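Source file: start-v6.tsv (TSV, N, CA, C and O atoms)
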```tsv
chain	number	residue	atom	x	y	z
A	107	MET	N	153.78	74.53	127.01
A	107	MET	CA	152.94	74.98	128.10
A	107	MET	C	153.17	76.47	128.30
A	107	MET	O	154.27	76.96	128.19
A	108	CYS	N	152.12	77.17	128.62
A	108	CYS	CA	152.19	78.61	128.84
A	108	CYS	C	151.86	78.90	130.30
A	108	CYS	O	150.87	78.40	130.83
A	109	LEU	N	152.70	79.69	130.94
A	109	LEU	CA	152.47	80.09	132.32
A	109	LEU	C	152.17	81.58	132.33
A	109	LEU	O	153.01	82.38	131.91
A	110	SER	N	150.99	81.95	132.75
A	110	SER	CA	150.62	83.36	132.79
A	110	SER	C	150.72	83.87	134.22
A	110	SER	O	150.08	83.34	135.13
A	111	ILE	N	151.55	84.87	134.41
A	111	ILE	CA	151.77	85.47	135.72
A	111	ILE	C	150.89	86.71	135.81
A	111	ILE	O	150.90	87.54	134.89
A	112	PRO	N	150.13	86.87	136.88
A	112	PRO	CA	149.30	88.07	136.99
A	112	PRO	C	150.14	89.34	136.88
A	112	PRO	O	151.23	89.43	137.45
A	113	SER	N	149.64	90.29	136.13
A	113	SER	CA	150.30	91.57	135.91
A	113	SER	C	149.35	92.67	136.35
A	113	SER	O	148.14	92.60	136.11
A	114	GLN	N	149.91	93.72	136.96
A	114	GLN	CA	149.07	94.82	137.44
A	114	GLN	C	149.12	95.99	136.46
A	114	GLN	O	150.19	96.39	136.01
A	115	VAL	N	147.95	96.53	136.15
A	115	VAL	CA	147.85	97.69	135.28
A	115	VAL	C	148.39	98.92	136.02
A	115	VAL	O	147.93	99.23	137.12
A	116	VAL	N	149.38	99.59	135.40
A	116	VAL	CA	149.98	100.77	136.04
A	116	VAL	C	149.76	102.05	135.24
A	116	VAL	O	149.99	103.14	135.75
A	117	ALA	N	149.32	101.93	133.98
A	117	ALA	CA	149.01	103.12	133.16
A	117	ALA	C	148.04	102.72	132.07
A	117	ALA	O	148.04	101.59	131.59
A	118	LEU	N	147.20	103.68	131.68
A	118	LEU	CA	146.19	103.46	130.64
A	118	LEU	C	146.56	104.26	129.40
A	118	LEU	O	147.00	105.41	129.51
A	119	HIS	N	146.34	103.67	128.23
A	119	HIS	CA	146.58	104.33	126.94
A	119	HIS	C	145.37	104.05	126.03
A	119	HIS	O	145.48	103.32	125.04
A	120	PRO	N	144.20	104.59	126.39
A	120	PRO	CA	142.98	104.25	125.65
A	120	PRO	C	143.02	104.64	124.17
A	120	PRO	O	142.41	103.97	123.34
A	121	GLU	N	143.76	105.68	123.84
A	121	GLU	CA	143.84	106.11	122.44
A	121	GLU	C	144.51	105.05	121.56
A	121	GLU	O	144.28	105.00	120.36
A	122	ARG	N	145.33	104.18	122.17
A	122	ARG	CA	146.00	103.10	121.44
A	122	ARG	C	145.43	101.73	121.78
A	122	ARG	O	145.95	100.71	121.33
A	123	GLU	N	144.39	101.71	122.62
A	123	GLU	CA	143.80	100.46	123.12
A	123	GLU	C	144.88	99.58	123.74
A	123	GLU	O	144.98	98.38	123.46
A	124	GLN	N	145.69	100.22	124.62
A	124	GLN	CA	146.76	99.53	125.33
A	124	GLN	C	146.79	99.98	126.78
A	124	GLN	O	146.24	101.02	127.14
A	125	VAL	N	147.46	99.18	127.60
A	125	VAL	CA	147.77	99.53	128.98
A	125	VAL	C	149.23	99.18	129.24
A	125	VAL	O	149.81	98.35	128.53
A	126	THR	N	149.82	99.80	130.24
A	126	THR	CA	151.13	99.40	130.71
A	126	THR	C	150.91	98.54	131.94
A	126	THR	O	150.13	98.92	132.83
A	127	VAL	N	151.57	97.39	131.99
A	127	VAL	CA	151.44	96.48	133.12
A	127	VAL	C	152.80	96.26	133.77
A	127	VAL	O	153.84	96.41	133.13
A	128	ASP	N	152.75	95.89	135.05
A	128	ASP	CA	153.95	95.53	135.80
A	128	ASP	C	153.84	94.05	136.14
A	128	ASP	O	152.87	93.62	136.78
A	129	THR	N	154.82	93.28	135.70
A	129	THR	CA	154.88	91.85	135.99
A	129	THR	C	156.15	91.59	136.78
A	129	THR	O	157.24	91.58	136.21
A	130	LEU	N	156.02	91.48	138.10
A	130	LEU	CA	157.17	91.23	138.97
A	130	LEU	C	158.31	92.23	138.73
A	130	LEU	O	159.47	91.86	138.65
A	131	GLY	N	157.94	93.50	138.57
A	131	GLY	CA	158.94	94.55	138.41
A	131	GLY	C	159.31	94.89	136.97
A	131	GLY	O	160.05	95.83	136.73
A	132	VAL	N	158.82	94.13	136.02
A	132	VAL	CA	159.08	94.39	134.61
A	132	VAL	C	157.84	95.03	134.01
A	132	VAL	O	156.74	94.48	134.13
A	133	THR	N	158.00	96.20	133.38
A	133	THR	CA	156.84	96.87	132.78
A	133	THR	C	156.87	96.72	131.27
A	133	THR	O	157.95	96.65	130.66
A	134	ARG	N	155.67	96.67	130.69
A	134	ARG	CA	155.55	96.60	129.23
A	134	ARG	C	154.15	97.07	128.84
A	134	ARG	O	153.22	97.00	129.64
A	135	GLU	N	154.04	97.52	127.61
A	135	GLU	CA	152.73	97.89	127.07
A	135	GLU	C	152.13	96.68	126.38
A	135	GLU	O	152.82	95.96	125.66
A	136	VAL	N	150.82	96.47	126.62
A	136	VAL	CA	150.11	95.35	126.02
A	136	VAL	C	148.76	95.82	125.48
A	136	VAL	O	148.22	96.82	125.93
A	137	SER	N	148.24	95.08	124.54
A	137	SER	CA	146.98	95.42	123.89
A	137	SER	C	145.78	94.98	124.72
A	137	SER	O	145.79	93.91	125.33
A	138	THR	N	144.73	95.79	124.68
A	138	THR	CA	143.46	95.43	125.33
A	138	THR	C	142.38	95.07	124.30
A	138	THR	O	141.23	94.90	124.66
A	139	LEU	N	142.76	94.95	123.04
A	139	LEU	CA	141.79	94.71	121.97
A	139	LEU	C	140.94	93.46	122.18
A	139	LEU	O	139.78	93.42	121.78
A	140	LEU	N	141.48	92.42	122.78
A	140	LEU	CA	140.74	91.17	122.93
A	140	LEU	C	139.91	91.09	124.21
A	140	LEU	O	139.12	90.16	124.38
A	141	LEU	N	140.05	92.07	125.11
A	141	LEU	CA	139.37	91.98	126.40
A	141	LEU	C	137.90	92.37	126.32
A	141	LEU	O	137.05	91.70	126.87
A	142	GLY	N	137.60	93.47	125.67
A	142	GLY	CA	136.20	93.87	125.52
A	142	GLY	C	135.59	94.55	126.73
A	142	GLY	O	134.37	94.70	126.79
A	143	GLU	N	136.38	94.93	127.70
A	143	GLU	CA	135.87	95.66	128.86
A	143	GLU	C	136.96	96.62	129.33
A	143	GLU	O	138.14	96.37	129.15
A	144	PRO	N	136.56	97.75	129.91
A	144	PRO	CA	137.56	98.73	130.33
A	144	PRO	C	138.34	98.26	131.56
A	144	PRO	O	137.83	97.51	132.39
A	145	LEU	N	139.59	98.68	131.64
A	145	LEU	CA	140.44	98.40	132.79
A	145	LEU	C	140.74	99.69	133.53
A	145	LEU	O	140.63	100.78	132.96
A	146	THR	N	141.11	99.56	134.78
A	146	THR	CA	141.52	100.72	135.57
A	146	THR	C	142.89	100.44	136.17
A	146	THR	O	143.31	99.28	136.29
A	147	ILE	N	143.58	101.50	136.55
A	147	ILE	CA	144.87	101.34	137.20
A	147	ILE	C	144.68	100.54	138.48
A	147	ILE	O	143.76	100.80	139.25
A	148	GLY	N	145.54	99.56	138.68
A	148	GLY	CA	145.45	98.69	139.84
A	148	GLY	C	144.83	97.33	139.54
A	148	GLY	O	144.98	96.40	140.33
A	149	ASP	N	144.12	97.21	138.42
A	149	ASP	CA	143.55	95.91	138.04
A	149	ASP	C	144.66	94.90	137.78
A	149	ASP	O	145.77	95.27	137.37
A	150	TYR	N	144.36	93.63	138.02
A	150	TYR	CA	145.28	92.54	137.67
A	150	TYR	C	144.73	91.81	136.47
A	150	TYR	O	143.52	91.58	136.36
A	151	VAL	N	145.62	91.46	135.56
A	151	VAL	CA	145.23	90.81	134.32
A	151	VAL	C	146.17	89.65	134.01
A	151	VAL	O	147.28	89.57	134.54
A	152	LEU	N	145.70	88.76	133.13
A	152	LEU	CA	146.53	87.69	132.58
A	152	LEU	C	146.78	88.01	131.12
A	152	LEU	O	145.89	88.47	130.41
A	153	LEU	N	148.00	87.75	130.66
A	153	LEU	CA	148.44	88.10	129.32
A	153	LEU	C	148.77	86.85	128.51
A	153	LEU	O	149.16	85.83	129.07
A	154	HIS	N	148.68	87.00	127.20
A	154	HIS	CA	149.18	85.99	126.28
A	154	HIS	C	149.67	86.70	125.03
A	154	HIS	O	148.90	87.45	124.42
A	155	VAL	N	150.89	86.49	124.68
A	155	VAL	CA	151.56	87.07	123.51
A	155	VAL	C	151.23	88.55	123.29
A	155	VAL	O	150.92	88.97	122.18
A	156	GLY	N	151.31	89.33	124.35
A	156	GLY	CA	151.12	90.77	124.23
A	156	GLY	C	149.70	91.27	124.30
A	156	GLY	O	149.45	92.46	124.08
A	157	PHE	N	148.76	90.40	124.60
A	157	PHE	CA	147.35	90.78	124.70
A	157	PHE	C	146.81	90.44	126.09
A	157	PHE	O	147.10	89.38	126.64
A	158	VAL	N	145.99	91.35	126.63
A	158	VAL	CA	145.27	91.04	127.87
A	158	VAL	C	144.18	90.05	127.51
A	158	VAL	O	143.36	90.30	126.63
A	159	MET	N	144.17	88.90	128.21
A	159	MET	CA	143.18	87.87	127.93
A	159	MET	C	142.04	87.88	128.95
A	159	MET	O	140.91	87.55	128.61
A	160	SER	N	142.36	88.24	130.20
A	160	SER	CA	141.32	88.26	131.22
A	160	SER	C	141.77	89.09	132.42
A	160	SER	O	142.95	89.33	132.62
A	161	ARG	N	140.79	89.49	133.19
A	161	ARG	CA	141.04	90.19	134.45
A	161	ARG	C	140.93	89.16	135.55
A	161	ARG	O	140.11	88.24	135.48
A	162	VAL	N	141.77	89.27	136.59
A	162	VAL	CA	141.69	88.39	137.75
A	162	VAL	C	141.54	89.24	139.00
A	162	VAL	O	142.01	90.37	139.04
A	163	ASP	N	140.86	88.68	140.00
A	163	ASP	CA	140.67	89.48	141.20
A	163	ASP	C	141.97	89.58	142.00
A	163	ASP	O	142.88	88.77	141.84
A	164	GLU	N	142.05	90.59	142.83
A	164	GLU	CA	143.28	90.91	143.55
A	164	GLU	C	143.74	89.76	144.45
A	164	GLU	O	144.93	89.47	144.54
A	165	HIS	N	142.80	89.09	145.11
A	165	HIS	CA	143.15	87.97	146.00
A	165	HIS	C	143.77	86.82	145.21
A	165	HIS	O	144.79	86.26	145.60
A	166	GLU	N	143.14	86.47	144.10
A	166	GLU	CA	143.67	85.40	143.25
A	166	GLU	C	145.04	85.76	142.70
A	166	GLU	O	145.95	84.91	142.67
A	167	ALA	N	145.21	87.02	142.30
A	167	ALA	CA	146.51	87.47	141.79
A	167	ALA	C	147.58	87.37	142.88
A	167	ALA	O	148.70	86.90	142.63
A	168	ALA	N	147.24	87.79	144.10
A	168	ALA	CA	148.21	87.75	145.21
A	168	ALA	C	148.63	86.31	145.51
A	168	ALA	O	149.82	86.05	145.74
A	169	GLU	N	147.67	85.38	145.50
A	169	GLU	CA	148.01	83.97	145.74
A	169	GLU	C	148.92	83.43	144.65
A	169	GLU	O	149.92	82.75	144.94
A	170	SER	N	148.61	83.72	143.40
A	170	SER	CA	149.42	83.24	142.28
A	170	SER	C	150.83	83.81	142.35
A	170	SER	O	151.81	83.10	142.13
A	171	LEU	N	150.93	85.10	142.65
A	171	LEU	CA	152.25	85.74	142.74
A	171	LEU	C	153.07	85.16	143.89
A	171	LEU	O	154.29	84.97	143.76
A	172	ALA	N	152.43	84.85	145.01
A	172	ALA	CA	153.14	84.24	146.14
A	172	ALA	C	153.70	82.87	145.74
A	172	ALA	O	154.86	82.56	146.05
A	173	TYR	N	152.90	82.05	145.06
A	173	TYR	CA	153.38	80.75	144.60
A	173	TYR	C	154.53	80.90	143.61
A	173	TYR	O	155.51	80.17	143.66
A	174	TYR	N	154.40	81.85	142.70
A	174	TYR	CA	155.45	82.06	141.71
A	174	TYR	C	156.76	82.48	142.39
A	174	TYR	O	157.83	81.99	142.05
A	175	ARG	N	156.66	83.38	143.38
A	175	ARG	CA	157.87	83.81	144.11
A	175	ARG	C	158.49	82.63	144.86
A	175	ARG	O	159.72	82.54	144.95
A	176	GLN	N	157.68	81.73	145.40
A	176	GLN	CA	158.21	80.53	146.05
A	176	GLN	C	158.97	79.66	145.06
A	176	GLN	O	160.05	79.13	145.38
A	177	MET	N	158.44	79.51	143.86
A	177	MET	CA	159.13	78.72	142.84
A	177	MET	C	160.46	79.36	142.47
A	177	MET	O	161.47	78.67	142.31
A	178	LEU	N	160.47	80.68	142.33
A	178	LEU	CA	161.71	81.39	142.01
A	178	LEU	C	162.74	81.21	143.11
A	178	LEU	O	163.92	80.98	142.85
A	179	ALA	N	162.30	81.30	144.37
A	179	ALA	CA	163.21	81.14	145.50
A	179	ALA	C	163.77	79.72	145.54
A	179	ALA	O	164.96	79.52	145.79
A	180	ALA	N	162.94	78.72	145.29
A	180	ALA	CA	163.39	77.33	145.28
A	180	ALA	C	164.39	77.10	144.16
A	180	ALA	O	165.39	76.40	144.33
A	181	ASP	N	164.14	77.71	143.00
A	181	ASP	CA	165.05	77.58	141.87
A	181	ASP	C	166.39	78.23	142.19
A	181	ASP	O	167.44	77.67	141.91
A	182	ASP	N	166.35	79.42	142.80
A	182	ASP	CA	167.59	80.10	143.19
A	182	ASP	C	168.37	79.28	144.20
A	182	ASP	O	169.59	79.17	144.13
A	183	GLU	N	167.66	78.67	145.14
A	183	GLU	CA	168.29	77.84	146.16
A	183	GLU	C	168.96	76.62	145.52
A	183	GLU	O	170.09	76.27	145.84
A	184	ALA	N	168.28	76.00	144.57
A	184	ALA	CA	168.82	74.82	143.91
A	184	ALA	C	170.08	75.17	143.11
A	184	ALA	O	171.04	74.42	143.09
A	185	GLU	N	170.08	76.34	142.46
A	185	GLU	CA	171.23	76.77	141.67
A	185	GLU	C	172.42	77.11	142.56
A	185	GLU	O	173.56	76.84	142.20
A	186	SER	N	172.18	77.72	143.72
A	186	SER	CA	173.27	78.15	144.57
A	186	SER	C	173.76	77.03	145.49
A	186	SER	O	174.87	77.07	145.99
A	187	GLY	N	172.89	76.04	145.74
A	187	GLY	CA	173.25	74.97	146.65
A	187	GLY	C	173.23	75.40	148.11
A	187	GLY	O	173.66	74.67	148.99
A	188	VAL	N	172.71	76.60	148.39
A	188	VAL	CA	172.65	77.13	149.75
A	188	VAL	C	171.20	77.29	150.15
A	188	VAL	O	170.43	77.96	149.45
A	189	ALA	N	170.83	76.70	151.26
A	189	ALA	CA	169.46	76.84	151.77
A	189	ALA	C	169.32	78.17	152.49
A	189	ALA	O	170.25	78.62	153.15
A	190	PRO	N	168.17	78.86	152.34
A	190	PRO	CA	167.97	80.12	153.04
A	190	PRO	C	167.86	79.90	154.55
A	190	PRO	O	167.44	78.83	154.99
A	191	CYS	N	168.26	80.87	155.32
A	191	CYS	CA	168.18	80.79	156.79
A	191	CYS	C	166.79	80.99	157.27
A	191	CYS	O	166.02	81.67	156.75
```
How would this structure read if it were set down as structure tokens?
Amino acid sequence: MCLSIPSQVVALHPEREQVTVDTLGVTREVSTLLLGEPLTIGDYVLLHVGFVMSRVDEHEAAESLAYYRQMLAADDEAESGVAPC
């Protein structure tokens, strides 16, 4: 199963057909070759194996990121055995 976390475009590299994205604080360069439409800084995208597969709207990205952060918090809680206050 593949879980795609929305990533925000933070830099454009049109000469290489790439963008730099931020995924929960981790940045990486990814290819835009499969997208077929221009991106702008601030856009949210979904990735698969280093390629931008689709653009998602900001509201949808925010909801997905909130759910993902909840899962991370629950996982951290389960590992530590301490419930948050």
Backbone DSSP call of strand (DSSP E) for chain A, listed as a short mmCIF file (atom, residue, chain, number, x, y, z; two decimals) with N, CA, C and O atoms, keeping the file's coordinate frame:
```
data_model
loop_
_atom_site.label_atom_id
_atom_site.label_comp_id
_atom_site.auth_asym_id
_atom_site.auth_seq_id
_atom_site.Cartn_x
_atom_site.Cartn_y
_atom_site.Cartn_z
N SER A 113 149.64 90.29 136.13
CA SER A 113 150.30 91.57 135.91
C SER A 113 149.35 92.67 136.35
O SER A 113 148.14 92.60 136.11
N GLN A 114 149.91 93.72 136.96
CA GLN A 114 149.07 94.82 137.44
C GLN A 114 149.12 95.99 136.46
O GLN A 114 150.19 96.39 136.01
N VAL A 115 147.95 96.53 136.15
CA VAL A 115 147.85 97.69 135.28
C VAL A 115 148.39 98.92 136.02
O VAL A 115 147.93 99.23 137.12
N VAL A 116 149.38 99.59 135.40
CA VAL A 116 149.98 100.77 136.04
C VAL A 116 149.76 102.05 135.24
O VAL A 116 149.99 103.14 135.75
N ALA A 117 149.32 101.93 133.98
CA ALA A 117 149.01 103.12 133.16
C ALA A 117 148.04 102.72 132.07
O ALA A 117 148.04 101.59 131.59
N LEU A 118 147.20 103.68 131.68
CA LEU A 118 146.19 103.46 130.64
C LEU A 118 146.56 104.26 129.40
O LEU A 118 147.00 105.41 129.51
N HIS A 119 146.34 103.67 128.23
CA HIS A 119 146.58 104.33 126.94
C HIS A 119 145.37 104.05 126.03
O HIS A 119 145.48 103.32 125.04
N GLN A 124 145.69 100.22 124.62
CA GLN A 124 146.76 99.53 125.33
C GLN A 124 146.79 99.98 126.78
O GLN A 124 146.24 101.02 127.14
N VAL A 125 147.46 99.18 127.60
CA VAL A 125 147.77 99.53 128.98
C VAL A 125 149.23 99.18 129.24
O VAL A 125 149.81 98.35 128.53
N THR A 126 149.82 99.80 130.24
CA THR A 126 151.13 99.40 130.71
C THR A 126 150.91 98.54 131.94
O THR A 126 150.13 98.92 132.83
N VAL A 127 151.57 97.39 131.99
CA VAL A 127 151.44 96.48 133.12
C VAL A 127 152.80 96.26 133.77
O VAL A 127 153.84 96.41 133.13
N ASP A 128 152.75 95.89 135.05
CA ASP A 128 153.95 95.53 135.80
C ASP A 128 153.84 94.05 136.14
O ASP A 128 152.87 93.62 136.78
N THR A 129 154.82 93.28 135.70
CA THR A 129 154.88 91.85 135.99
C THR A 129 156.15 91.59 136.78
O THR A 129 157.24 91.58 136.21
N VAL A 132 158.82 94.13 136.02
CA VAL A 132 159.08 94.39 134.61
C VAL A 132 157.84 95.03 134.01
O VAL A 132 156.74 94.48 134.13
N THR A 133 158.00 96.20 133.38
CA THR A 133 156.84 96.87 132.78
C THR A 133 156.87 96.72 131.27
O THR A 133 157.95 96.65 130.66
N ARG A 134 155.67 96.67 130.69
CA ARG A 134 155.55 96.60 129.23
C ARG A 134 154.15 97.07 128.84
O ARG A 134 153.22 97.00 129.64
N GLU A 135 154.04 97.52 127.61
CA GLU A 135 152.73 97.89 127.07
C GLU A 135 152.13 96.68 126.38
O GLU A 135 152.82 95.96 125.66
N VAL A 136 150.82 96.47 126.62
CA VAL A 136 150.11 95.35 126.02
C VAL A 136 148.76 95.82 125.48
O VAL A 136 148.22 96.82 125.93
N SER A 137 148.24 95.08 124.54
CA SER A 137 146.98 95.42 123.89
C SER A 137 145.78 94.98 124.72
O SER A 137 145.79 93.91 125.33
N TYR A 150 144.36 93.63 138.02
CA TYR A 150 145.28 92.54 137.67
C TYR A 150 144.73 91.81 136.47
O TYR A 150 143.52 91.58 136.36
N VAL A 151 145.62 91.46 135.56
CA VAL A 151 145.23 90.81 134.32
C VAL A 151 146.17 89.65 134.01
O VAL A 151 147.28 89.57 134.54
N LEU A 152 145.70 88.76 133.13
CA LEU A 152 146.53 87.69 132.58
C LEU A 152 146.78 88.01 131.12
O LEU A 152 145.89 88.47 130.41
N LEU A 153 148.00 87.75 130.66
CA LEU A 153 148.44 88.10 129.32
C LEU A 153 148.77 86.85 128.51
O LEU A 153 149.16 85.83 129.07
N HIS A 154 148.68 87.00 127.20
CA HIS A 154 149.18 85.99 126.28
C HIS A 154 149.67 86.70 125.03
O HIS A 154 148.90 87.45 124.42
N PHE A 157 148.76 90.40 124.60
CA PHE A 157 147.35 90.78 124.70
C PHE A 157 146.81 90.44 126.09
O PHE A 157 147.10 89.38 126.64
N VAL A 158 145.99 91.35 126.63
CA VAL A 158 145.27 91.04 127.87
C VAL A 158 144.18 90.05 127.51
O VAL A 158 143.36 90.30 126.63
N MET A 159 144.17 88.90 128.21
CA MET A 159 143.18 87.87 127.93
C MET A 159 142.04 87.88 128.95
O MET A 159 140.91 87.55 128.61
N SER A 160 142.36 88.24 130.20
CA SER A 160 141.32 88.26 131.22
C SER A 160 141.77 89.09 132.42
O SER A 160 142.95 89.33 132.62
N ARG A 161 140.79 89.49 133.19
CA ARG A 161 141.04 90.19 134.45
C ARG A 161 140.93 89.16 135.55
O ARG A 161 140.11 88.24 135.48
N VAL A 162 141.77 89.27 136.59
CA VAL A 162 141.69 88.39 137.75
C VAL A 162 141.54 89.24 139.00
O VAL A 162 142.01 90.37 139.04
#
```
Original post:
For Leu130 in chain A, which residue out of A:Glu185, A:Val162, A:Leu171, A:Gly156 is the nearest one, using only C-alpha atoms?
Top reply: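 With only C-alpha atoms as the atom set, the closest residue is A:Leu171.
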Original post:
Got a sec to check which residues sit within 7 Å of (142.0, 100.0, 134.2), counting all atoms listed in the file, and write them as number ranges by chain?
Top reply: A: 115, 117-118, 144-149
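Taking only chain A, the residues that DSSP calls alpha helix (DSSP H) from the backbone come to Glu164, His165, Glu166, Ala167, Ala168, Glu169, Ser170, Leu171, Ala172, Tyr173, Tyr174, Arg175, Gln176, Met177, Leu178, Ala179, Ala180, Asp181, Asp182, Glu183, Ala184, Glu185 and Ser186 of chain A.
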**OP:** To one decimal in Å, tell me the separation between CA of Glu135 in chain A and atom C of Pro120 in chain A.
**Re:**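 That distance, rounded to one decimal, is 12.2 Å.
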**OP:** For atom O of Arg122 in chain A and CA of Tyr150 in chain A, quote the distance in Å rounded to one decimal.
**Re:**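 Computed distance, atom O of Arg122 in chain A to CA of Tyr150 in chain A, equals 18.3 Å.
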Original post:
At what distance in Å, to one decimal, does CA of Glu123 in chain A lie from atom C of Leu152 in chain A?
Top reply: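 Going from atom C of Leu152 in chain A over to CA of Glu123 in chain A, I get 15.1 Å.
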Subject >> From A:Leu178, A:Ala172, A:Leu140, A:Gly131, residue lying nearest Ser160 in chain A [all atoms listed in the file] >> reply: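 Looking at the shortest contact to Ser160 in chain A, the residue is A:Leu140.
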**OP:** Compile the contact shell of Arg134 in chain A as a list in words: residues with an atom at most 12 Å away, counting only C-alpha atoms, same-chain residues fewer than 2 positions apart removed.
**Re:**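 In the requested form, the answer reads Ser113, Gln114, Val115, Val116, Ala117, Leu118, Gln124, Val125, Thr126, Val127, Asp128, Thr129, Leu130, Gly131, Val132, Val136, Ser137, Leu153, Val155, Gly156, Phe157 and Val158 of chain A.
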Original post:
Restricting the calculation to only N, CA, C and O atoms, which member of A:Pro112, A:Leu139, A:Thr133, A:His119 is positioned closest to Ala168 in chain A?
Top reply: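 The shortest atom-to-atom distance to Ala168 in chain A comes from A:Pro112.
Comparing A:Glu169, A:Asp163, A:Glu121, A:Asp181 by their smallest distance to Val151 in chain A, the closest is A:Asp163 (using only N, CA, C and O atoms).
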Original post:
Leaving out Tyr173 in chain A and any residue of its chain fewer than 6 positions from it, which residues lie within 12 Å of it when counting only C-alpha atoms, given as a PyMOL selection string?
Top reply: chain A and resi 111-112+166-167+179-180
Could range 173-179 of chain A be completed with all heavy atoms and returned as a PDB file, in the coordinates of the input?
```pdb
ATOM      1  N   TYR A 173     152.900  82.050 145.060  1.00  0.00           N
ATOM      2  CA  TYR A 173     153.380  80.750 144.600  1.00  0.00           C
ATOM      3  C   TYR A 173     154.530  80.900 143.610  1.00  0.00           C
ATOM      4  O   TYR A 173     155.510  80.170 143.660  1.00  0.00           O
ATOM      5  CB  TYR A 173     152.253  79.928 143.963  1.00  0.00           C
ATOM      6  CG  TYR A 173     151.220  79.441 144.937  1.00  0.00           C
ATOM      7  CD1 TYR A 173     149.866  79.603 144.667  1.00  0.00           C
ATOM      8  CD2 TYR A 173     151.577  78.808 146.133  1.00  0.00           C
ATOM      9  CE1 TYR A 173     148.900  79.156 145.556  1.00  0.00           C
ATOM     10  CE2 TYR A 173     150.621  78.363 147.025  1.00  0.00           C
ATOM     11  CZ  TYR A 173     149.286  78.544 146.733  1.00  0.00           C
ATOM     12  OH  TYR A 173     148.342  78.100 147.607  1.00  0.00           O
ATOM     13  N   TYR A 174     154.400  81.850 142.700  1.00  0.00           N
ATOM     14  CA  TYR A 174     155.450  82.060 141.710  1.00  0.00           C
ATOM     15  C   TYR A 174     156.760  82.480 142.390  1.00  0.00           C
ATOM     16  O   TYR A 174     157.830  81.990 142.050  1.00  0.00           O
ATOM     17  CB  TYR A 174     155.013  83.088 140.666  1.00  0.00           C
ATOM     18  CG  TYR A 174     155.962  83.134 139.499  1.00  0.00           C
ATOM     19  CD1 TYR A 174     155.941  82.123 138.538  1.00  0.00           C
ATOM     20  CD2 TYR A 174     156.895  84.145 139.367  1.00  0.00           C
ATOM     21  CE1 TYR A 174     156.823  82.138 137.473  1.00  0.00           C
ATOM     22  CE2 TYR A 174     157.785  84.159 138.311  1.00  0.00           C
ATOM     23  CZ  TYR A 174     157.746  83.155 137.367  1.00  0.00           C
ATOM     24  OH  TYR A 174     158.630  83.165 136.320  1.00  0.00           O
ATOM     25  N   ARG A 175     156.660  83.380 143.380  1.00  0.00           N
ATOM     26  CA  ARG A 175     157.870  83.810 144.110  1.00  0.00           C
ATOM     27  C   ARG A 175     158.490  82.630 144.860  1.00  0.00           C
ATOM     28  O   ARG A 175     159.720  82.540 144.950  1.00  0.00           O
ATOM     29  CB  ARG A 175     157.526  84.952 145.045  1.00  0.00           C
ATOM     30  CG  ARG A 175     157.286  86.260 144.308  1.00  0.00           C
ATOM     31  CD  ARG A 175     157.032  87.421 145.259  1.00  0.00           C
ATOM     32  NE  ARG A 175     156.841  88.650 144.528  1.00  0.00           N
ATOM     33  CZ  ARG A 175     155.671  89.265 144.371  1.00  0.00           C
ATOM     34  NH1 ARG A 175     154.574  88.773 144.926  1.00  0.00           N
ATOM     35  NH2 ARG A 175     155.593  90.377 143.677  1.00  0.00           N
ATOM     36  N   GLN A 176     157.680  81.730 145.400  1.00  0.00           N
ATOM     37  CA  GLN A 176     158.210  80.530 146.050  1.00  0.00           C
ATOM     38  C   GLN A 176     158.970  79.660 145.060  1.00  0.00           C
ATOM     39  O   GLN A 176     160.050  79.130 145.380  1.00  0.00           O
ATOM     40  CB  GLN A 176     157.083  79.715 146.686  1.00  0.00           C
ATOM     41  CG  GLN A 176     156.504  80.314 147.938  1.00  0.00           C
ATOM     42  CD  GLN A 176     155.312  79.502 148.458  1.00  0.00           C
ATOM     43  OE1 GLN A 176     154.775  78.641 147.770  1.00  0.00           O
ATOM     44  NE2 GLN A 176     154.904  79.801 149.681  1.00  0.00           N
ATOM     45  N   MET A 177     158.440  79.510 143.860  1.00  0.00           N
ATOM     46  CA  MET A 177     159.130  78.720 142.840  1.00  0.00           C
ATOM     47  C   MET A 177     160.460  79.360 142.470  1.00  0.00           C
ATOM     48  O   MET A 177     161.470  78.670 142.310  1.00  0.00           O
ATOM     49  CB  MET A 177     158.256  78.564 141.596  1.00  0.00           C
ATOM     50  CG  MET A 177     157.083  77.645 141.788  1.00  0.00           C
ATOM     51  SD  MET A 177     156.191  77.273 140.253  1.00  0.00           S
ATOM     52  CE  MET A 177     155.590  78.880 139.766  1.00  0.00           C
ATOM     53  N   LEU A 178     160.470  80.680 142.330  1.00  0.00           N
ATOM     54  CA  LEU A 178     161.710  81.390 142.010  1.00  0.00           C
ATOM     55  C   LEU A 178     162.740  81.210 143.110  1.00  0.00           C
ATOM     56  O   LEU A 178     163.920  80.980 142.850  1.00  0.00           O
ATOM     57  CB  LEU A 178     161.447  82.879 141.780  1.00  0.00           C
ATOM     58  CG  LEU A 178     160.709  83.254 140.507  1.00  0.00           C
ATOM     59  CD1 LEU A 178     160.412  84.748 140.494  1.00  0.00           C
ATOM     60  CD2 LEU A 178     161.517  82.856 139.286  1.00  0.00           C
ATOM     61  N   ALA A 179     162.300  81.300 144.370  1.00  0.00           N
ATOM     62  CA  ALA A 179     163.210  81.140 145.500  1.00  0.00           C
ATOM     63  C   ALA A 179     163.770  79.720 145.540  1.00  0.00           C
ATOM     64  O   ALA A 179     164.960  79.520 145.790  1.00  0.00           O
ATOM     65  CB  ALA A 179     162.498  81.470 146.810  1.00  0.00           C
TER      66      ALA A 179
END
```
